[in-house]
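Student: Let me begin by handing over the structure; questions about it come next.
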Amino acid sequence: MRIVLLGPPASGKGTQGRRLSASLGLAYLSTGALLRENVANRTPLGLAAAPILARGEYLPDDLMCPILADWLVKHDSGPGWVLDGFPRRMPQAEFLDQWLAENGVKLDAAVALEAPFDELLRRTRERVECPGCRWSGQRPELSEGDLCPKCGHPAAARDDDHEENFRSRHTEFTDLTVPVIDFYQTSGRLISVPASGTKHETAAIILSHLNRPDSSLKIEI
Ligand SMILES: [Zn+2]
């Protein structure tokens with residue numbers, strides 16, 4: 001099964017992506033995590049990406065698309081994959097379709113998470129994240145300094161989570177990613193999922209759309 005996850009900032013793409021991965025045995029790509037890892041390891045890609053990411057910008061397609069192709073080649077032989085953070089804009093969606101066609105495979109679904117702006121802003125203000133494994137929670141259940149329930153690292157407010165950053169990313173989503181959602185809608189591959197409920201509710205809706213209402217719902221992510 002091959003899935004892309006789309007949605008505005010703070011809509012829960014990371015949480016749902018990891019959950020789908022665990023539920024369906026899919027390889028999971030968070031482009032954000034992959035880039036942070038490359039920056040931390042000072043790879044050639046990381047060195048090229050670091051100043052761009054430090055400005056809070058996304059990587060240009062000529063850097064991002066080859067990274068994605070490389071990842072897909074390594075991960076396409078198994079049960080499938082779920083992408084979080086790609087495609088972010090139309091040239092990337094076209095690149096992915098071209099890659100799928102060249103490899104004689106198809107995308108099963110583009111899952112678009114939907115939540116109102118005010119709800120996303122509230123989540124952004126309340127989000128706390130583990131710098132170790134990127135598990136995230138919301139105040140008041142999790143506060144800065146609390147130990148991550150997954151890996152034991154002290155949690156912290158996300159450094160990119162200030163409101164201004166959220167607003168600019170949301171505008172970018174509207175301008176660049178909404179056309180991608182329309183593109184998948186037009187080609188009959190879109191699943192729209194309301195994401196205002198709990199992460200468990202959202203996961204259940206996604207799985208039912210994928211015709212996999214199975215025991216994996218018990219998996220805690
Ligand atoms: Zn952790």
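All residue names refer to the structure tokens as shown: chains lettered A, B, ... in order, residues numbered from 1 in each chain, ligands numbered from 1 in order.
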Residues near stretch 1-11 of chain A, anyone? I mean within 8 Å using only C-alpha atoms, not counting same-chain ones fewer than 3 positions away, as number ranges by chain.
Tutor: A: 17, 26, 79-88, 106-115, 120-121, 123-124, 166, 169-170, 173-174, 177, 181, 195
Student: Out of stretch 8-135 of chain A, which residues get strand (DSSP E or B) from DSSP, as a PyMOL selection string?
Tutor: chain A and resi 27-30+81-84+109-114+127-129
Student: Using only C-alpha atoms and all ligand atoms, tabulate the residues of chain A lying at most 6 Å from any atom of ligand 1, each with its closest atom pair and that distance in Å to one decimal, by chain and increasing residue number, as a tab-separated table.
Tutor:
residue	atom	partner	partner_atom_place_in_ligand_line	distance
A:Cys130	CA	ligand 1	1 (Zn)	4.7
A:Gly132	CA	ligand 1	1 (Zn)	4.8
A:Cys133	CA	ligand 1	1 (Zn)	4.0
A:Arg134	CA	ligand 1	1 (Zn)	5.9
A:Trp135	CA	ligand 1	1 (Zn)	5.4
A:Cys148	CA	ligand 1	1 (Zn)	4.6
A:Lys150	CA	ligand 1	1 (Zn)	4.9
A:Cys151	CA	ligand 1	1 (Zn)	4.0
A:Gly152	CA	ligand 1	1 (Zn)	5.8
A:His153	CA	ligand 1	1 (Zn)	5.3
Student: Residues of the last selection are to be written out with all heavy atoms, as a short mmCIF file (atom, residue, chain, number, x, y, z; two decimals), in the first residue's frame.
Tutor:
data_model
loop_
_atom_site.label_atom_id
_atom_site.label_comp_id
_atom_site.auth_asym_id
_atom_site.auth_seq_id
_atom_site.Cartn_x
_atom_site.Cartn_y
_atom_site.Cartn_z
N CYS A 130 9.21 15.61 22.15
CA CYS A 130 10.45 14.98 22.62
C CYS A 130 11.54 15.20 21.57
O CYS A 130 11.37 14.80 20.42
CB CYS A 130 10.22 13.48 22.80
SG CYS A 130 11.76 12.59 23.03
N GLY A 132 14.24 13.71 21.44
CA GLY A 132 14.90 12.44 21.16
C GLY A 132 14.22 11.68 20.04
O GLY A 132 14.84 11.34 19.04
N CYS A 133 12.93 11.41 20.20
CA CYS A 133 12.25 10.55 19.21
C CYS A 133 11.12 11.26 18.48
O CYS A 133 10.44 10.65 17.66
CB CYS A 133 11.70 9.30 19.90
SG CYS A 133 10.26 9.63 20.96
N ARG A 134 10.92 12.56 18.77
CA ARG A 134 9.91 13.38 18.09
C ARG A 134 8.48 13.01 18.43
O ARG A 134 7.56 13.44 17.75
CB ARG A 134 10.10 13.32 16.56
CG ARG A 134 11.43 13.87 16.12
CD ARG A 134 11.46 15.37 16.17
NE ARG A 134 12.83 15.88 16.17
CZ ARG A 134 13.14 17.16 16.29
NH1 ARG A 134 12.20 18.05 16.44
NH2 ARG A 134 14.39 17.54 16.30
N TRP A 135 8.31 12.18 19.49
CA TRP A 135 6.94 11.97 19.95
C TRP A 135 6.42 13.30 20.45
O TRP A 135 7.16 14.08 21.05
CB TRP A 135 6.95 10.94 21.10
CG TRP A 135 5.57 10.55 21.55
CD1 TRP A 135 4.81 9.56 21.04
CD2 TRP A 135 4.81 11.15 22.59
NE1 TRP A 135 3.61 9.50 21.70
CE2 TRP A 135 3.58 10.48 22.66
CE3 TRP A 135 5.03 12.22 23.48
CZ2 TRP A 135 2.58 10.80 23.57
CZ3 TRP A 135 4.04 12.54 24.38
CH2 TRP A 135 2.83 11.84 24.42
N CYS A 148 9.63 11.89 28.21
CA CYS A 148 8.90 11.33 27.07
C CYS A 148 8.44 9.91 27.42
O CYS A 148 9.24 9.09 27.86
CB CYS A 148 9.82 11.30 25.85
SG CYS A 148 9.21 10.30 24.50
N LYS A 150 7.84 7.58 25.49
CA LYS A 150 8.38 6.60 24.54
C LYS A 150 9.86 6.30 24.81
O LYS A 150 10.28 5.16 24.72
CB LYS A 150 8.22 7.09 23.10
CG LYS A 150 6.78 7.29 22.67
CD LYS A 150 6.06 5.97 22.50
CE LYS A 150 4.56 6.19 22.26
NZ LYS A 150 3.78 4.98 22.43
N CYS A 151 10.64 7.35 25.07
CA CYS A 151 12.09 7.10 25.16
C CYS A 151 12.74 7.70 26.42
O CYS A 151 13.94 7.53 26.62
CB CYS A 151 12.80 7.60 23.91
SG CYS A 151 12.98 9.38 23.81
N GLY A 152 11.97 8.43 27.22
CA GLY A 152 12.51 8.91 28.48
C GLY A 152 13.28 10.22 28.42
O GLY A 152 13.75 10.73 29.43
N HIS A 153 13.39 10.79 27.24
CA HIS A 153 14.05 12.09 27.05
C HIS A 153 13.16 13.19 27.67
O HIS A 153 11.95 13.11 27.57
CB HIS A 153 14.13 12.36 25.54
CG HIS A 153 15.47 12.77 25.08
ND1 HIS A 153 16.44 11.88 24.73
CD2 HIS A 153 16.01 14.01 24.89
CE1 HIS A 153 17.51 12.54 24.33
NE2 HIS A 153 17.27 13.83 24.43
#
Student: How far is it from atom CA of A:Asp76 to atom CA of A:Lys199, in Å with one decimal?
Tutor: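 One can read the atom CA of A:Asp76 to atom CA of A:Lys199 distance as 27.0 Å.
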Student: Might you pull out every residue within 10 Å of stretch 154-157 of chain A, with only C-alpha atoms counted and same-chain residues fewer than 3 positions away left off, and present them as a ChimeraX atom specification?
Tutor: /A:124-139,142-149,151,160-162
Student: May I have the selected residues written with C-alpha atoms, as a PDB file, in the first residue's frame?
Tutor:
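Heads up, here's the output in selection18.pdb:
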ATOM      1  CA  THR A 124       0.507  24.706  17.978  1.00  0.00           C
ATOM      2  CA  ARG A 125       0.491  26.800  21.134  1.00  0.00           C
ATOM      3  CA  GLU A 126       0.012  23.737  23.324  1.00  0.00           C
ATOM      4  CA  ARG A 127       2.349  21.301  21.631  1.00  0.00           C
ATOM      5  CA  VAL A 128       5.320  19.833  23.459  1.00  0.00           C
ATOM      6  CA  GLU A 129       7.722  17.464  21.749  1.00  0.00           C
ATOM      7  CA  CYS A 130      10.448  14.976  22.617  1.00  0.00           C
ATOM      8  CA  PRO A 131      13.729  16.058  20.998  1.00  0.00           C
ATOM      9  CA  GLY A 132      14.903  12.441  21.161  1.00  0.00           C
ATOM     10  CA  CYS A 133      12.246  10.550  19.215  1.00  0.00           C
ATOM     11  CA  ARG A 134       9.912  13.377  18.091  1.00  0.00           C
ATOM     12  CA  TRP A 135       6.939  11.966  19.948  1.00  0.00           C
ATOM     13  CA  SER A 136       4.652  14.904  20.648  1.00  0.00           C
ATOM     14  CA  GLY A 137       1.967  15.639  23.177  1.00  0.00           C
ATOM     15  CA  GLN A 138      -0.204  18.526  24.279  1.00  0.00           C
ATOM     16  CA  ARG A 139      -0.231  20.567  27.437  1.00  0.00           C
ATOM     17  CA  LEU A 142       2.693  16.791  28.804  1.00  0.00           C
ATOM     18  CA  SER A 143       4.785  19.787  29.879  1.00  0.00           C
ATOM     19  CA  GLU A 144       8.302  20.971  29.171  1.00  0.00           C
ATOM     20  CA  GLY A 145      10.734  18.868  31.186  1.00  0.00           C
ATOM     21  CA  ASP A 146       8.376  15.903  31.568  1.00  0.00           C
ATOM     22  CA  LEU A 147       9.956  12.650  30.477  1.00  0.00           C
ATOM     23  CA  CYS A 148       8.905  11.326  27.072  1.00  0.00           C
ATOM     24  CA  PRO A 149       6.669   8.253  27.510  1.00  0.00           C
ATOM     25  CA  CYS A 151      12.088   7.104  25.162  1.00  0.00           C
ATOM     26  CA  ASP A 160       9.636  26.041  15.332  1.00  0.00           C
ATOM     27  CA  ASP A 161       6.323  26.253  17.036  1.00  0.00           C
ATOM     28  CA  HIS A 162       5.929  29.925  17.618  1.00  0.00           C
TER      29      HIS A 162
END
Student: For each of A:Glu163, A:Pro116, A:Thr171, A:Glu102, take the minimum atom-to-atom distance to A:Ser196, counting only C-alpha atoms, then give the residue where this is smallest.
Tutor: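 When distances to A:Ser196 are compared using only C-alpha atoms, the smallest one comes from A:Pro116.
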Student: Check the smallest atom-to-atom distance from each of A:Ala93, A:Leu59, A:Ala69, A:Leu35 to A:Val180 using only C-alpha atoms, then report the winner.
Tutor: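 The answer is A:Ala93, which sits nearest to A:Val180.
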Student: Based on DSSP run over this structure's backbone, return all residues of stretch 1-220 of chain A in alpha helix (DSSP H), as JSON, numbers by chain.
Tutor: {"A": [13, 14, 15, 16, 17, 18, 19, 20, 21, 22, 23, 24, 31, 32, 33, 34, 35, 36, 37, 38, 39, 40, 44, 45, 46, 47, 48, 49, 50, 51, 52, 53, 54, 61, 62, 63, 64, 65, 66, 67, 68, 69, 70, 71, 72, 73, 74, 75, 90, 91, 92, 93, 94, 95, 96, 97, 98, 99, 100, 101, 102, 117, 118, 119, 120, 121, 122, 123, 124, 125, 126, 163, 164, 165, 166, 167, 168, 169, 170, 171, 172, 178, 179, 180, 181, 182, 183, 184, 185, 186, 199, 200, 201, 202, 203, 204, 205, 206, 207, 208, 209]}
